Amino acid sequence: QVQLVESGGGLVQAGGSLTLSCAMSGTIFSINVMGWYRQAPGKQRGLVATIANTRITKYADSVKGRFTISKNNSENTVTLQMNGLKPEDTAVYYCYLGQEDNNYWGKGTLVTVSS
């Protein structure tokens, strides 16, 4: 059973930084995509950033240049470094793992950016 557990959310002032981490357990295959999505109040869940097993990354336009995704294969963790946070980054952030045609999600961690 694959489990994803996020940590690192919280309250930060605009312009500040936060680091989100996701620990994955269970059977993690070598070919996969790990990443982060977010859902703001009243909006649909959307892509923040992903990183493939090839280490190719993808970012939402709104976070390019401010957020950086990375992963540690030996520890099965994925991290999202968020700099220059804006009030519009306020959302619940969900960790994601895609492998073998299955999608797995964490329960989410709340990030609140005050103006």
# chains A, B, ... in the order shown; residues from 1 in each chain; ligands from 1

call {"tool": "select_by_dssp", "arguments": {"residues": "region 1-109 of chain A", "states": "strand (DSSP E or B)", "output": "PyMOL selection string"}}
result
chain A and resi 3-7+10-13+18-25+33-39+46-52+57-59+67-72+77-82+91-99+102-105+109

call {"tool": "write_last_selection", "arguments": {"atoms": "C-alpha atoms", "output": "PDB file, in the first residue's frame"}}
result
ATOM      1  CA  GLN A   3       1.261   6.144   1.359  1.00  0.00           C
ATOM      2  CA  LEU A   4       2.253   9.782   0.911  1.00  0.00           C
ATOM      3  CA  VAL A   5       2.660  12.079   3.903  1.00  0.00           C
ATOM      4  CA  GLU A   6       3.246  15.806   3.473  1.00  0.00           C
ATOM      5  CA  SER A   7       4.872  18.162   5.943  1.00  0.00           C
ATOM      6  CA  GLY A  10       2.088  26.817   7.552  1.00  0.00           C
ATOM      7  CA  LEU A  11       1.589  30.549   7.655  1.00  0.00           C
ATOM      8  CA  VAL A  12       4.093  32.872   6.028  1.00  0.00           C
ATOM      9  CA  GLN A  13       4.164  36.520   5.028  1.00  0.00           C
ATOM     10  CA  LEU A  18       8.513  27.570   2.855  1.00  0.00           C
ATOM     11  CA  THR A  19       9.732  24.068   2.139  1.00  0.00           C
ATOM     12  CA  LEU A  20       7.247  21.250   1.672  1.00  0.00           C
ATOM     13  CA  SER A  21       8.347  17.649   1.980  1.00  0.00           C
ATOM     14  CA  CYS A  22       6.601  14.420   1.095  1.00  0.00           C
ATOM     15  CA  ALA A  23       7.618  11.033   2.409  1.00  0.00           C
ATOM     16  CA  MET A  24       6.499   8.052   0.371  1.00  0.00           C
ATOM     17  CA  SER A  25       6.237   4.495   1.609  1.00  0.00           C
ATOM     18  CA  VAL A  33       6.343  10.885 -11.669  1.00  0.00           C
ATOM     19  CA  MET A  34       6.372  12.680  -8.338  1.00  0.00           C
ATOM     20  CA  GLY A  35       5.044  16.108  -7.731  1.00  0.00           C
ATOM     21  CA  TRP A  36       2.883  18.691  -6.083  1.00  0.00           C
ATOM     22  CA  TYR A  37      -0.582  19.990  -6.862  1.00  0.00           C
ATOM     23  CA  ARG A  38      -2.587  22.608  -5.037  1.00  0.00           C
ATOM     24  CA  GLN A  39      -6.190  23.551  -4.485  1.00  0.00           C
ATOM     25  CA  GLY A  46      -4.041  22.140 -10.334  1.00  0.00           C
ATOM     26  CA  LEU A  47      -0.443  21.374 -11.122  1.00  0.00           C
ATOM     27  CA  VAL A  48       2.341  23.095  -9.218  1.00  0.00           C
ATOM     28  CA  ALA A  49       5.368  21.033 -10.235  1.00  0.00           C
ATOM     29  CA  THR A  50       6.348  17.501 -11.173  1.00  0.00           C
ATOM     30  CA  ILE A  51       9.609  15.614 -11.500  1.00  0.00           C
ATOM     31  CA  ALA A  52       9.960  12.380 -13.431  1.00  0.00           C
ATOM     32  CA  THR A  57      10.726  18.816 -14.289  1.00  0.00           C
ATOM     33  CA  LYS A  58       7.548  20.660 -15.147  1.00  0.00           C
ATOM     34  CA  TYR A  59       6.212  23.790 -13.475  1.00  0.00           C
ATOM     35  CA  PHE A  67       9.500  27.235  -6.755  1.00  0.00           C
ATOM     36  CA  THR A  68      11.942  24.364  -7.112  1.00  0.00           C
ATOM     37  CA  ILE A  69      11.078  20.683  -6.991  1.00  0.00           C
ATOM     38  CA  SER A  70      13.605  18.006  -6.101  1.00  0.00           C
ATOM     39  CA  LYS A  71      13.608  14.407  -4.994  1.00  0.00           C
ATOM     40  CA  ASN A  72      15.696  11.878  -3.154  1.00  0.00           C
ATOM     41  CA  THR A  77      11.000  11.859  -0.754  1.00  0.00           C
ATOM     42  CA  VAL A  78      10.034  14.809  -2.901  1.00  0.00           C
ATOM     43  CA  THR A  79      10.543  18.396  -1.817  1.00  0.00           C
ATOM     44  CA  LEU A  80       9.115  21.695  -2.967  1.00  0.00           C
ATOM     45  CA  GLN A  81      11.138  24.785  -2.128  1.00  0.00           C
ATOM     46  CA  MET A  82       8.888  27.821  -2.361  1.00  0.00           C
ATOM     47  CA  ALA A  91      -3.862  26.673  -0.976  1.00  0.00           C
ATOM     48  CA  VAL A  92      -3.808  23.118   0.240  1.00  0.00           C
ATOM     49  CA  TYR A  93      -0.787  21.462  -1.322  1.00  0.00           C
ATOM     50  CA  TYR A  94      -1.013  17.782  -2.219  1.00  0.00           C
ATOM     51  CA  CYS A  95       1.840  15.395  -2.839  1.00  0.00           C
ATOM     52  CA  TYR A  96       1.419  13.193  -5.914  1.00  0.00           C
ATOM     53  CA  LEU A  97       2.885   9.939  -7.189  1.00  0.00           C
ATOM     54  CA  GLY A  98       2.053   8.439 -10.569  1.00  0.00           C
ATOM     55  CA  GLN A  99       3.268   4.933 -11.438  1.00  0.00           C
ATOM     56  CA  ASN A 102      -2.014   4.481 -10.762  1.00  0.00           C
ATOM     57  CA  ASN A 103      -2.265   7.874  -9.103  1.00  0.00           C
ATOM     58  CA  TYR A 104      -1.582   8.346  -5.419  1.00  0.00           C
ATOM     59  CA  TRP A 105      -2.230  11.425  -3.296  1.00  0.00           C
ATOM     60  CA  THR A 109      -0.854  20.433   3.821  1.00  0.00           C
TER      61      THR A 109
END

call {"tool": "residues_around", "arguments": {"residues": "Gly16 (chain A)", "least_positions_apart": "2", "cutoff": "6 Å", "atoms": "only C-alpha atoms", "output": "ChimeraX atom specification"}}
result
/A:13-14,84-85

call {"tool": "write_last_selection", "arguments": {"atoms": "N, CA, C and O atoms", "output": "CSV table (one decimal), in the first residue's frame"}}
result
chain,number,residue,atom,x,y,z
A,13,GLN,N,4.5,35.2,5.6
A,13,GLN,CA,4.2,36.5,5.0
A,13,GLN,C,4.6,36.5,3.6
A,13,GLN,O,5.5,35.8,3.1
A,14,ALA,N,3.9,37.4,2.8
A,14,ALA,CA,4.3,37.5,1.4
A,14,ALA,C,5.7,37.9,1.3
A,14,ALA,O,6.3,38.7,2.0
A,84,GLY,N,9.7,33.6,-2.5
A,84,GLY,CA,8.9,34.7,-3.1
A,84,GLY,C,7.4,34.4,-3.0
A,84,GLY,O,6.7,34.7,-4.0
A,85,LEU,N,6.9,33.9,-1.9
A,85,LEU,CA,5.5,33.5,-1.9
A,85,LEU,C,4.6,34.7,-2.0
A,85,LEU,O,4.9,35.8,-1.5

call {"tool": "closest_residue", "arguments": {"among": "A:Ser17, A:Thr90, A:Gln1, A:Asn32", "to": "Thr112 (chain A)", "atoms": "only C-alpha atoms"}}
result
A:Thr90

call {"tool": "atom_distance", "arguments": {"atom1": "CA of Ser115 (chain A)", "atom2": "CA of Pro87 (chain A)"}}
result
6.0 Å
